[in-house]
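Here the structure is laid out as structure tokens; the discussion comes afterwards.
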Amino acid sequence: MKRHIPGLSQQTQNGTEVPDGFFLVRVEQARYRYHPKKPFFSLRFAILEPEELAEKTFTGRLYCTPKALWKLSWFLRDFGYDTELLGQEEVDEKELVGLRGIVKVSHTSLNGHAYLNLDGFAPEWGWKDISTASVDERKDQP
């Protein structure tokens with residue numbers, strides 16, 4: 001027997017889904033995952049700001065393919081990764097844990113699967129400007 005349950009499709013997985021937007025985050029976990037065509041780092045972030053989402057976590061991927069190295073480099077630079085290790089082209093998973101910065105998140109749906117995108121990064125010190133701009137945008141909306 002089938003049952004219709006209104007609102008079921010709008011629920012997120014365990015209530016941990018984060019909305020699109022900018023977040024001040026801390027890297028809680030970093031793991032390199034080998035894949036023959038698309039190796040990647042799986043990163044778990046803890047949200048620090050905005051306060052209403054503080055301590056929620058989300059996971060994203062940064063690919064290590066030649067075409068995607070620009071994004072990994074952007075992340076490492078803006079989150080304050082060790083410049084000496086970066087200069088030696090080395091990424092130490094242990095050194096990633098605890099790094100802080102700003103990440104822009106969006107969601108995409110492809111072939112019935114939902115994906116979280118890490119669209120952009122910025123240093124932690126830029127949070128005040130970004131959070132102020134986000135509040136101003138929300139005030140302008142009806």
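Chain lettering (A, B, ...) mirrors the order of the structure tokens, residue numbering begins at 1 for each chain separately, and ligand numbering begins at 1 in order of display.
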Leaving out stretch 29-46 of chain A and any residue of its chain fewer than 2 positions from it, which residues lie within 12 Å of it when counting only C-alpha atoms, given as a PDB file with C-alpha atoms, in the first residue's frame?
```
ATOM      1  CA  THR A  16      22.343  18.076   8.465  1.00  0.00           C
ATOM      2  CA  VAL A  18      23.238  23.217   4.845  1.00  0.00           C
ATOM      3  CA  PHE A  23      30.111  30.029   5.751  1.00  0.00           C
ATOM      4  CA  LEU A  24      33.040  30.576   8.074  1.00  0.00           C
ATOM      5  CA  VAL A  25      34.300  27.043   8.640  1.00  0.00           C
ATOM      6  CA  ARG A  26      36.994  24.912  10.239  1.00  0.00           C
ATOM      7  CA  VAL A  27      38.343  21.746   8.610  1.00  0.00           C
ATOM      8  CA  LEU A  48      31.552  28.452  12.840  1.00  0.00           C
ATOM      9  CA  GLU A  49      29.399  31.280  11.456  1.00  0.00           C
ATOM     10  CA  PRO A  50      26.557  32.166  10.967  1.00  0.00           C
ATOM     11  CA  GLU A  51      25.671  31.329  14.553  1.00  0.00           C
ATOM     12  CA  LEU A  53      24.194  26.946  11.858  1.00  0.00           C
ATOM     13  CA  ALA A  54      27.195  26.753  14.204  1.00  0.00           C
ATOM     14  CA  GLU A  55      28.658  23.279  14.694  1.00  0.00           C
ATOM     15  CA  LYS A  56      26.681  21.722  11.852  1.00  0.00           C
ATOM     16  CA  THR A  57      28.985  19.853   9.525  1.00  0.00           C
ATOM     17  CA  PHE A  58      29.084  19.159   5.819  1.00  0.00           C
ATOM     18  CA  THR A  59      31.409  17.275   3.539  1.00  0.00           C
ATOM     19  CA  GLY A  60      32.825  18.332   0.198  1.00  0.00           C
ATOM     20  CA  ARG A  61      35.340  17.110  -2.337  1.00  0.00           C
ATOM     21  CA  LEU A  62      38.334  18.801  -3.889  1.00  0.00           C
ATOM     22  CA  TYR A  63      39.626  16.892  -6.873  1.00  0.00           C
ATOM     23  CA  CYS A  64      43.334  16.400  -7.589  1.00  0.00           C
ATOM     24  CA  THR A  65      43.179  16.018 -11.358  1.00  0.00           C
ATOM     25  CA  PRO A  66      45.393  18.304 -13.465  1.00  0.00           C
ATOM     26  CA  LYS A  67      42.333  20.344 -14.519  1.00  0.00           C
ATOM     27  CA  ALA A  68      41.169  20.807 -10.908  1.00  0.00           C
ATOM     28  CA  LEU A  69      44.456  21.625  -9.168  1.00  0.00           C
ATOM     29  CA  LYS A  71      40.791  24.908  -7.030  1.00  0.00           C
ATOM     30  CA  LEU A  72      42.790  22.816  -4.550  1.00  0.00           C
ATOM     31  CA  PHE A  75      41.591  26.393  -1.046  1.00  0.00           C
ATOM     32  CA  LEU A  76      45.030  25.727   0.446  1.00  0.00           C
ATOM     33  CA  VAL A  91      49.606  18.099   1.100  1.00  0.00           C
ATOM     34  CA  ASP A  92      49.618  16.608   4.590  1.00  0.00           C
ATOM     35  CA  GLU A  93      46.139  15.555   5.711  1.00  0.00           C
ATOM     36  CA  LYS A  94      47.049  16.225   9.356  1.00  0.00           C
ATOM     37  CA  GLU A  95      48.056  19.798   8.504  1.00  0.00           C
ATOM     38  CA  LEU A  96      44.660  20.463   6.913  1.00  0.00           C
ATOM     39  CA  VAL A  97      42.724  19.714  10.112  1.00  0.00           C
ATOM     40  CA  GLY A  98      42.024  22.907  12.025  1.00  0.00           C
ATOM     41  CA  LEU A  99      42.468  25.284   9.094  1.00  0.00           C
ATOM     42  CA  ARG A 100      39.843  28.012   8.994  1.00  0.00           C
ATOM     43  CA  GLY A 101      38.401  30.095   6.210  1.00  0.00           C
ATOM     44  CA  ILE A 102      35.329  30.995   4.211  1.00  0.00           C
ATOM     45  CA  VAL A 103      33.657  28.650   1.772  1.00  0.00           C
ATOM     46  CA  LYS A 104      30.835  29.316  -0.664  1.00  0.00           C
ATOM     47  CA  VAL A 105      28.488  26.345  -0.965  1.00  0.00           C
ATOM     48  CA  LEU A 116      27.253  19.803  -2.695  1.00  0.00           C
ATOM     49  CA  ASN A 117      29.627  22.125  -4.555  1.00  0.00           C
ATOM     50  CA  LEU A 118      32.496  24.044  -3.007  1.00  0.00           C
TER      51      LEU A 118
END
```
Filtered DSSP result for chain A, state strand (DSSP E or B), as a VMD selection string: chain A and resid 21 to 33 40 to 49 57 to 63 100 to 110 113 to 123
From stretch 4-85 of chain A, collect each residue whose DSSP state is helix (DSSP H, G or I) and return the set as a tab-separated table (two decimals) with N, CA and C atoms, in the first residue's frame.
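Ended up saving to states.tsv:
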```
chain	number	residue	atom	x	y	z
A	8	LEU	N	7.49	15.28	2.73
A	8	LEU	CA	8.57	14.30	2.85
A	8	LEU	C	9.73	14.61	1.91
A	9	SER	N	9.45	15.04	0.70
A	9	SER	CA	10.52	15.28	-0.27
A	9	SER	C	11.37	16.50	0.08
A	10	GLN	N	10.86	17.40	0.90
A	10	GLN	CA	11.64	18.58	1.26
A	10	GLN	C	12.57	18.35	2.45
A	13	GLN	N	18.65	15.01	4.74
A	13	GLN	CA	19.19	13.84	5.40
A	13	GLN	C	19.57	14.17	6.83
A	14	ASN	N	18.87	13.58	7.78
A	14	ASN	CA	19.16	13.75	9.21
A	14	ASN	C	19.21	15.21	9.64
A	15	GLY	N	18.64	16.11	8.85
A	15	GLY	CA	18.65	17.53	9.21
A	15	GLY	C	20.03	18.17	9.14
A	51	GLU	N	25.91	31.99	13.27
A	51	GLU	CA	25.67	31.33	14.55
A	51	GLU	C	24.52	30.33	14.52
A	52	GLU	N	23.48	30.62	13.73
A	52	GLU	CA	22.32	29.71	13.72
A	52	GLU	C	22.65	28.34	13.13
A	53	LEU	N	23.77	28.23	12.43
A	53	LEU	CA	24.19	26.95	11.86
A	53	LEU	C	25.48	26.43	12.50
A	66	PRO	N	44.68	17.13	-12.94
A	66	PRO	CA	45.39	18.30	-13.47
A	66	PRO	C	44.47	19.50	-13.74
A	67	LYS	N	43.26	19.25	-14.22
A	67	LYS	CA	42.33	20.34	-14.52
A	67	LYS	C	41.78	21.00	-13.26
A	68	ALA	N	41.79	20.29	-12.14
A	68	ALA	CA	41.17	20.81	-10.91
A	68	ALA	C	42.17	21.30	-9.87
A	69	LEU	N	43.46	21.22	-10.16
A	69	LEU	CA	44.46	21.63	-9.17
A	69	LEU	C	44.38	23.10	-8.81
A	70	TRP	N	43.88	23.93	-9.72
A	70	TRP	CA	43.73	25.36	-9.42
A	70	TRP	C	42.80	25.57	-8.22
A	71	LYS	N	41.75	24.75	-8.13
A	71	LYS	CA	40.79	24.91	-7.03
A	71	LYS	C	41.40	24.42	-5.71
A	72	LEU	N	42.11	23.31	-5.75
A	72	LEU	CA	42.79	22.82	-4.55
A	72	LEU	C	43.80	23.84	-4.07
A	73	SER	N	44.55	24.42	-4.99
A	73	SER	CA	45.54	25.44	-4.63
A	73	SER	C	44.86	26.67	-4.02
A	74	TRP	N	43.75	27.09	-4.59
A	74	TRP	CA	42.98	28.23	-4.07
A	74	TRP	C	42.55	27.96	-2.64
A	75	PHE	N	42.01	26.78	-2.39
A	75	PHE	CA	41.59	26.39	-1.05
A	75	PHE	C	42.77	26.44	-0.08
A	76	LEU	N	43.87	25.80	-0.45
A	76	LEU	CA	45.03	25.73	0.45
A	76	LEU	C	45.57	27.12	0.76
A	77	ARG	N	45.67	27.96	-0.25
A	77	ARG	CA	46.19	29.32	-0.06
A	77	ARG	C	45.28	30.14	0.86
A	78	ASP	N	43.98	30.14	0.58
A	78	ASP	CA	43.06	30.98	1.34
A	78	ASP	C	42.82	30.47	2.77
A	83	THR	N	52.93	27.24	3.67
A	83	THR	CA	53.48	27.63	2.37
A	83	THR	C	54.72	26.82	1.99
A	84	GLU	N	55.47	26.37	2.99
A	84	GLU	CA	56.65	25.54	2.70
A	84	GLU	C	56.22	24.20	2.09
A	85	LEU	N	55.21	23.56	2.69
A	85	LEU	CA	54.70	22.30	2.14
A	85	LEU	C	54.08	22.53	0.77
```
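Across the model, the gap from atom CA of A:Gly87 to atom CA of A:Pro123 is 18.9 Å.
Atom pair atom CA of A:Tyr115 / atom CA of A:Pro19 has a distance of 12.2 Å (rounded to one decimal).
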Would you mind reading off the distance between atom CA of A:Ile47 and atom CA of A:Leu110, one decimal, in Å? 25.6 Å
